[in-house]
$ cat entry.txt   # compact mmCIF, C-alpha atoms
# COMPACT_ATOMS: atom_id res chain seq x y z
CA MET A 487 17.20 22.47 0.46
CA ASP A 488 13.47 23.14 0.27
CA SER A 489 11.73 23.51 -3.06
CA SER A 490 10.89 27.12 -2.31
CA ASP A 491 14.60 27.96 -2.37
CA CYS A 492 15.14 26.90 -5.99
CA GLU A 493 13.01 29.02 -8.34
CA PRO A 494 12.10 28.27 -11.03
CA HIS A 495 11.85 24.48 -10.69
CA LEU A 496 9.94 21.61 -12.23
CA LEU A 497 8.30 18.65 -10.53
CA ARG A 498 9.72 15.40 -11.89
CA SER A 499 8.47 12.84 -9.34
CA LEU A 500 6.31 12.62 -6.25
CA LEU A 501 6.17 9.56 -3.98
CA VAL A 502 3.90 9.39 -0.93
CA PHE A 503 4.47 6.70 1.71
CA LYS A 504 2.26 5.67 4.64
CA ASN A 505 3.65 4.24 7.86
CA THR A 506 2.29 0.74 8.53
CA ILE A 507 2.73 1.11 12.31
CA ASN A 508 1.41 4.65 12.82
CA GLN A 509 -1.34 5.01 10.22
CA GLU A 510 -1.46 8.81 10.62
CA LEU A 511 2.20 9.27 9.66
CA ILE A 512 2.94 10.16 6.01
CA ARG A 513 6.24 10.84 4.22
CA SER A 514 6.58 12.35 0.76
CA LEU A 515 9.56 12.51 -1.57
CA HIS A 516 9.50 15.36 -4.13
CA VAL A 517 12.01 15.43 -6.99
CA TYR A 518 12.44 18.81 -8.71
CA ARG A 519 14.50 19.68 -11.78
CA LEU A 520 16.38 22.95 -11.50
CA ASP A 521 17.22 25.40 -14.28
CA GLU A 522 20.77 24.11 -14.70
CA GLY A 523 19.48 20.54 -15.26
CA LYS A 524 20.29 19.28 -11.77
CA GLU A 525 17.72 17.50 -9.63
CA ASN A 526 16.81 18.33 -6.05
CA GLU A 527 15.12 15.79 -3.75
CA VAL A 528 12.98 17.14 -0.91
CA GLU A 529 11.65 14.82 1.77
CA ARG A 530 8.76 15.85 4.00
CA GLU A 531 6.84 14.28 6.88
CA PHE A 532 3.23 14.91 7.88
CA VAL A 533 0.73 13.83 10.52
CA LEU A 534 -2.68 13.29 8.91
CA SER A 535 -4.86 13.07 12.00
CA ALA A 536 -8.49 12.05 11.60
CA ASN A 537 -9.69 14.52 14.26
CA GLU A 538 -7.13 17.34 14.03
CA PRO A 539 -5.78 19.60 11.26
CA TYR A 540 -2.96 18.08 9.25
CA VAL A 541 0.51 19.26 10.25
CA GLU A 542 3.98 19.10 8.70
CA LEU A 543 6.86 17.93 10.89
CA PRO A 544 10.59 18.58 10.56
CA ALA A 545 11.86 15.69 8.43
CA ASN A 546 15.30 14.14 8.56
CA PRO A 547 16.30 12.12 5.48
CA LEU A 548 14.87 8.63 5.83
CA LEU A 549 13.48 7.49 2.49
CA ARG A 550 16.51 8.95 0.69
CA LEU A 551 18.84 6.90 2.89
CA MET A 552 17.21 3.72 1.56
CA LYS A 553 18.66 4.61 -1.86
CA PHE A 554 15.87 3.04 -3.94
CA PRO A 555 15.45 4.13 -7.60
CA VAL A 556 12.65 6.71 -7.51
CA SER A 557 11.63 6.03 -11.12
CA GLN A 558 10.91 2.36 -10.36
CA VAL A 559 8.68 2.84 -7.31
CA HIS A 560 4.96 2.13 -7.71
CA GLU A 561 1.90 1.94 -5.45
CA GLY A 562 2.30 -0.96 -3.01
CA HIS A 563 6.12 -0.70 -2.93
CA VAL A 564 7.34 -1.44 0.62
CA ASN A 565 10.45 -0.05 2.33
CA GLY A 566 10.67 -1.23 5.92
CA CYS A 567 7.56 0.05 7.69
CA TRP A 568 6.71 2.43 4.84
CA VAL A 569 4.38 1.48 1.96
CA CYS A 570 3.91 3.64 -1.13
CA ILE A 571 0.29 4.82 -1.57
CA PHE A 572 0.86 7.24 -4.47
CA ALA A 573 3.54 7.41 -7.15
CA PHE A 574 3.85 10.06 -9.86
CA GLN A 575 6.51 10.18 -12.57
CA ALA A 576 6.55 13.07 -15.04
CA ASN A 577 7.19 10.79 -18.03
CA CYS A 578 4.09 8.66 -17.31
CA PRO A 579 0.40 9.58 -17.21
CA PRO A 580 -0.78 10.07 -13.63
CA ASN A 581 -2.86 7.19 -12.23
CA PHE A 582 -6.08 8.45 -10.64
CA THR A 583 -7.84 5.09 -10.31
CA CYS A 584 -6.30 4.19 -6.96
CA ILE A 585 -5.85 7.62 -5.40
CA PRO A 586 -6.49 7.42 -1.63
CA PHE A 587 -9.08 9.79 -0.22
CA ILE A 588 -6.53 11.48 2.04
CA LEU A 589 -4.55 12.61 -1.06
CA SER A 590 -7.53 13.76 -3.13
CA VAL A 591 -7.39 17.56 -3.26
CA SER A 592 -10.93 17.69 -4.62
CA ARG A 593 -12.46 15.72 -1.75
CA ASN A 594 -10.17 16.10 1.26
CA ARG A 595 -10.35 19.76 2.31
CA LYS A 596 -7.92 19.22 5.20
CA LEU A 597 -5.05 19.04 2.70
CA LYS A 598 -5.13 22.84 2.61
CA SER A 599 -3.37 22.87 5.97
CA ILE A 600 -0.24 21.24 4.43
CA PRO A 601 0.36 23.27 1.23
CA ALA A 602 3.84 21.78 0.71
CA LEU A 603 2.14 18.53 -0.32
CA ALA A 604 -1.25 19.86 -1.45
CA ASN A 605 0.21 22.26 -4.04
CA ASP A 606 2.20 19.51 -5.77
CA LEU A 607 -0.80 17.17 -5.73
CA GLN A 608 -3.01 19.95 -7.11
CA MET A 609 -0.60 20.55 -9.99
CA ILE A 610 -0.54 16.83 -10.83
CA PHE A 611 -4.32 16.58 -10.76
CA GLU A 612 -4.73 19.68 -12.95
CA LEU A 613 -2.82 17.76 -15.60
CA SER A 614 -6.02 15.80 -16.19
CA ASN A 615 -7.67 18.95 -17.58
CA LYS A 616 -5.11 19.33 -20.38
CA LYS A 617 -7.04 17.41 -23.00
CA ASP A 618 -4.95 18.63 -25.89
CA ASP A 619 -1.64 17.47 -24.39
CA LYS A 620 -1.12 13.90 -25.57
CA LYS A 621 2.68 13.69 -25.30
CA PRO A 622 4.46 12.22 -22.25
CA LEU A 623 5.38 14.89 -19.76
CA GLN A 624 9.01 15.82 -19.28
CA SER A 625 8.29 17.82 -16.14
CA LEU A 626 5.60 19.76 -14.32
CA PRO A 627 5.98 23.36 -13.19
CA CYS A 628 5.91 23.48 -9.43
CA PRO A 629 2.71 25.29 -8.37
CA VAL A 630 2.67 28.73 -6.83
CA PRO A 631 0.98 28.55 -3.39
CA MET A 632 -2.68 29.53 -3.73
CA SER A 633 -4.76 31.68 -1.46
CA GLU A 634 -7.65 29.95 0.30
CA SER A 635 -10.29 31.51 -1.97
CA SER A 636 -8.50 30.69 -5.23
CA GLU A 637 -7.64 27.21 -3.95
CA ASP A 638 -11.30 26.50 -3.24
CA GLN A 639 -12.17 27.52 -6.80
CA GLU A 640 -9.39 25.41 -8.33
CA ILE A 641 -10.32 22.35 -6.27
CA GLY A 642 -13.96 22.74 -7.25
CA ARG A 643 -13.02 22.85 -10.94
CA SER A 644 -10.59 19.93 -10.77
CA LEU A 645 -13.10 17.21 -9.93
CA PRO A 646 -14.86 16.98 -13.33
CA GLY A 647 -11.52 16.89 -15.14
CA ILE A 648 -10.20 14.14 -12.93
CA MET A 649 -13.29 12.03 -13.57
CA GLU A 650 -12.97 12.57 -17.34
CA LYS A 651 -9.27 11.82 -17.62
CA LYS A 652 -8.93 8.74 -15.45
CA LYS A 653 -6.56 6.02 -16.53
CA LYS A 654 -8.05 4.01 -19.38
CA ARG A 655 -10.49 1.51 -17.94
CA ALA A 656 -10.31 -2.20 -18.58
CA PRO A 657 -12.74 -3.32 -21.33
CA SER A 658 -16.14 -4.20 -19.90
CA GLU A 659 -15.99 -7.60 -21.59
CA HIS A 660 -12.70 -8.38 -19.82
CA VAL A 661 -14.17 -7.37 -16.45
CA ALA A 662 -17.36 -9.38 -17.05
CA ASN A 663 -15.34 -12.51 -17.88
CA ILE A 664 -13.37 -12.44 -14.60
CA ALA A 665 -14.49 -15.51 -12.63
CA LEU A 666 -14.00 -16.46 -9.01
CA SER A 667 -11.34 -18.94 -10.10
CA ASP A 668 -9.41 -16.03 -11.68
CA LEU A 669 -9.48 -14.12 -8.38
CA ALA A 670 -8.46 -17.24 -6.44
CA LYS A 671 -5.13 -17.36 -8.31
CA TYR A 672 -4.08 -14.16 -6.54
CA PHE A 673 -5.58 -14.62 -3.06
CA ASP A 674 -2.03 -15.02 -1.72
CA LEU A 675 -1.11 -11.50 -2.91
CA PRO A 676 -2.10 -8.08 -1.50
CA ILE A 677 -5.14 -6.68 -3.31
CA VAL A 678 -3.09 -3.94 -5.04
CA GLU A 679 -0.80 -6.52 -6.65
CA ALA A 680 -3.78 -8.71 -7.52
CA SER A 681 -5.52 -5.87 -9.36
CA ARG A 682 -2.32 -5.20 -11.29
CA ASN A 683 -2.02 -8.86 -12.32
CA LEU A 684 -5.68 -8.96 -13.34
CA ASN A 685 -5.25 -5.74 -15.39
CA VAL A 686 -8.11 -3.96 -13.63
CA GLY A 687 -8.31 -1.03 -11.26
CA LEU A 688 -8.59 -1.48 -7.51
CA THR A 689 -12.18 -0.18 -7.50
CA VAL A 690 -13.20 -2.65 -10.21
CA LEU A 691 -11.63 -5.53 -8.31
CA LYS A 692 -13.44 -4.58 -5.11
CA LYS A 693 -16.71 -4.47 -7.06
CA LYS A 694 -16.05 -7.96 -8.44
CA CYS A 695 -15.37 -9.17 -4.89
CA ARG A 696 -18.76 -7.87 -3.78
CA GLU A 697 -20.39 -9.66 -6.73
CA PHE A 698 -18.90 -12.94 -5.50
CA GLY A 699 -19.86 -12.24 -1.88
CA ILE A 700 -16.30 -11.53 -0.72
CA PRO A 701 -16.48 -8.80 1.96
CA ARG A 702 -12.70 -8.63 2.43
CA TRP A 703 -9.75 -9.68 0.27
CA PRO A 704 -8.54 -12.96 1.90
CA HIS A 705 -4.79 -12.37 1.51
CA ARG A 706 -4.20 -12.08 5.28
CA LYS A 707 -6.13 -15.28 6.07
CA ILE A 708 -4.27 -17.24 3.39
CA LYS A 709 -0.91 -15.85 4.53
CA SER A 710 -1.69 -16.70 8.17
CA LEU A 711 -2.67 -20.28 7.29
CA ASP A 712 0.43 -20.72 5.14
CA GLY A 713 2.60 -19.65 8.08
CA LEU A 714 0.88 -22.11 10.44
CA ILE A 715 1.25 -24.92 7.89
CA ARG A 716 4.98 -24.21 7.54
CA ASP A 717 5.41 -24.27 11.32
CA LEU A 718 3.65 -27.64 11.51
CA GLN A 719 5.78 -29.06 8.71
CA GLU A 720 8.91 -28.16 10.66
CA GLU A 721 7.44 -29.55 13.88
CA THR A 722 6.48 -32.81 12.11
CA GLU A 723 10.08 -33.32 10.97
CA ILE A 724 11.32 -32.83 14.53
CA GLN A 725 8.68 -35.07 16.13
CA GLN A 726 9.27 -37.90 13.66
CA GLN A 727 12.73 -38.29 15.12
CA GLU A 728 11.51 -38.29 18.75
CA ASN A 729 7.86 -39.23 19.15
CA GLN A 730 5.87 -41.01 16.45
CA ALA A 731 2.47 -40.44 18.10
CA ALA A 732 3.12 -36.71 18.47
CA ALA A 733 4.27 -36.56 14.85
CA LEU A 734 0.98 -38.14 13.71
CA ALA A 735 -1.01 -35.57 15.73
CA VAL A 736 0.96 -32.69 14.20
CA ALA A 737 0.49 -34.12 10.68
CA LYS A 738 -3.27 -34.43 11.33
CA ARG A 739 -3.52 -30.77 12.32
CA GLN A 740 -1.49 -29.82 9.27
CA ARG A 741 -3.97 -31.62 6.99
CA MET A 742 -6.84 -29.83 8.76
CA LEU A 743 -5.21 -26.46 8.09
CA GLU A 744 -4.54 -27.35 4.46
CA ASN A 745 -8.20 -28.35 4.04
CA GLU A 746 -9.31 -25.09 5.67
CA LYS A 747 -7.05 -23.11 3.34
CA GLU A 748 -8.56 -24.89 0.31
CA SER A 749 -12.06 -24.12 1.62
CA ILE A 750 -11.25 -20.41 1.98
CA GLU A 751 -9.77 -20.34 -1.53
CA ARG A 752 -13.03 -21.81 -2.87
CA LYS A 753 -15.25 -19.69 -0.61
CA PRO A 754 -13.21 -16.62 0.42
CA PHE A 755 -16.08 -15.18 2.46
CA LEU A 756 -15.53 -17.92 5.08
CA GLU A 757 -13.94 -16.92 8.37
CA MET A 758 -11.12 -18.89 9.97
CA LYS A 759 -12.34 -21.56 12.38
CA THR A 760 -12.34 -20.71 16.08
CA GLU A 761 -10.04 -23.66 16.75
CA THR A 762 -7.58 -22.35 14.16
CA LYS A 763 -7.62 -18.89 15.71
CA LYS A 764 -6.86 -20.37 19.14
CA PHE A 765 -4.04 -22.45 17.68
CA ARG A 766 -2.62 -19.36 15.96
CA GLN A 767 -2.72 -17.49 19.27
CA ASP A 768 -0.86 -20.35 20.96
CA VAL A 769 1.80 -20.22 18.24
CA PHE A 770 2.22 -16.46 18.74
CA LYS A 771 2.64 -16.99 22.50
CA ARG A 772 5.24 -19.73 21.99
CA ARG A 773 7.20 -17.53 19.61
CA HIS A 774 7.09 -14.63 22.08
CA ARG A 775 8.32 -16.84 24.93
CA ALA A 776 11.11 -18.17 22.72
CA ARG A 777 12.21 -14.63 21.82
CA VAL A 778 12.21 -13.62 25.50
CA LEU A 779 14.29 -16.66 26.44
CA ARG A 780 16.76 -15.98 23.63
CA SER A 781 17.15 -12.35 24.64
CA GLN A 782 17.65 -13.35 28.29
CA GLY A 783 20.26 -15.90 27.25
CA LEU A 784 22.11 -13.31 25.21
CA SER A 785 22.08 -10.78 28.05
CA ASN A 786 23.36 -13.41 30.51
CA SER A 787 26.17 -14.43 28.17
CA ASP A 788 27.17 -10.78 27.75
CA ASN A 789 27.38 -10.41 31.52
$ encode --input "entry.txt" --output "structure tokens"
Amino acid sequence: MDSSDCEPHLLRSLLVFKNTINQELIRSLHVYRLDEGKENEVEREFVLSANEPYVELPANPLLRLMKFPVSQVHEGHVNGCWVCIFAFQANCPPNFTCIPFILSVSRNRKLKSIPALANDLQMIFELSNKKDDKKPLQSLPCPVPMSESSEDQEIGRSLPGIMEKKKKRAPSEHVANIALSDLAKYFDLPIVEASRNLNVGLTVLKKKCREFGIPRWPHRKIKSLDGLIRDLQEETEIQQQENQAAALAVAKRQRMLENEKESIERKPFLEMKTETKKFRQDVFKRRHRARVLRSQGLSNSDN
């Protein structure tokens, strides 16, 4: 049942997920409270094309089938190939520090073409203008669709309020005291989780990275090296039983990778060595060939 079929209703939660395979594909989960106290979940799907107007697609239940607790989902939460990029709960203050550009009603004018999502986002963002409301929200009235002219006016007015009522910033002294060694503790985590552990916003963390000369958060490089090191550890154990010379060569490469990982942790602006990239490519090819052989073996056994 769509939200428009249950008047009047109140917005309790809004989760927005981005597809990690098709970056233009977005799904949203809206939770409304009805008059009789029941809750209605509405799932929607959108294509947010960079060069075309945004469009809403017919959406079959997908996120709801995963049966995760909506109240416990936060930005960075992953479900299969879907990662949460915005999470709103009515009993918590909205977090505007990490809002993606594509969901900012004050900056992204193309949101007007998908009012089913834009109207709920607009209502959440207008909450920032209610300076006298200091109590936790129990629910938000679902917005009445706006005409283009009134929507333009509301979006224009919402920007100053959003800037004034951002989530409380980390103390400047705390931010100033963050050292490179503090960042290095979380290089193995995605940047969103790292910012949460450091108790700073994503924008502040990116600024600190620039101060230390880090153009890109090194999580992917560290994760890639860890995977290669694990593969070599397994290969070393196998070779020790069969070929001592080969085992020594594998152990040597493993030490080289471990040293390279330590270097990147000390100097995260370093790129992976060309030799390491070639080795990683060889590993990917071997894995692909192994998968193909396994699938062929399974198909032959079935026949």
$ atom_distance --input "entry.txt" --atom1 "CA of Met742 (chain A)" --atom2 "CA of Phe765 (chain A)"
11.9 Å
$ atom_distance --input "entry.txt" --atom1 "CA of Leu691 (chain A)" --atom2 "CA of Ile664 (chain A)"
9.5 Å
$ closest_residue --input "entry.txt" --among "A:Leu597, A:Phe611, A:Glu697, A:Gly562" --to "Ala662 (chain A)" --atoms "only C-alpha atoms"
A:Glu697
$ residues_around --input "entry.txt" --residues "Ile677 (chain A)" --least-positions-apart "5" --cutoff "9 Å" --atoms "all atoms listed in the file" --output "tab-separated table (two decimals) with C-alpha atoms, keeping the file's coordinate frame"
chain	number	residue	atom	x	y	z
A	672	TYR	CA	-4.08	-14.16	-6.54
A	682	ARG	CA	-2.32	-5.20	-11.29
A	688	LEU	CA	-8.59	-1.48	-7.51
A	691	LEU	CA	-11.63	-5.53	-8.31
A	692	LYS	CA	-13.44	-4.58	-5.11
A	703	TRP	CA	-9.75	-9.68	0.27
A	704	PRO	CA	-8.54	-12.96	1.90
A	705	HIS	CA	-4.79	-12.37	1.51
$ atom_distance --input "entry.txt" --atom1 "CA of Asn663 (chain A)" --atom2 "CA of Glu744 (chain A)"
28.9 Å
$ closest_residue --input "entry.txt" --among "A:Ala680, A:Leu520, A:Leu515, A:Ile588" --to "Leu549 (chain A)" --atoms "all atoms listed in the file"
A:Leu515
$ closest_residue --input "entry.txt" --among "A:Leu718, A:Ala576, A:Ala604, A:Leu501" --to "Phe554 (chain A)" --atoms "only C-alpha atoms"
A:Leu501
$ residues_near_point --input "entry.txt" --point "(-7.4, 23.3, 11.6)" --cutoff "8 Å" --atoms "all atoms listed in the file" --output "VMD selection string"
chain A and resid 538 to 540 596 599
$ closest_residue --input "entry.txt" --among "A:Asn526, A:Thr762, A:Gln782, A:Ser681" --to "Ser710 (chain A)" --atoms "only C-alpha atoms"
A:Thr762
$ closest_residue --input "entry.txt" --among "A:Leu534, A:Leu743, A:Leu511, A:Val591" --to "Leu711 (chain A)" --atoms "all atoms listed in the file"
A:Leu743
$ closest_residue --input "entry.txt" --among "A:Arg741, A:Lys747, A:Leu589, A:Ala665" --to "Lys694 (chain A)" --atoms "all atoms listed in the file"
A:Ala665
$ residues_around --input "entry.txt" --residues "Ser667 (chain A)" --least-positions-apart "5" --cutoff "12 Å" --atoms "all atoms listed in the file" --output "ChimeraX atom specification"
/A:672-673,684,695,698,751-754
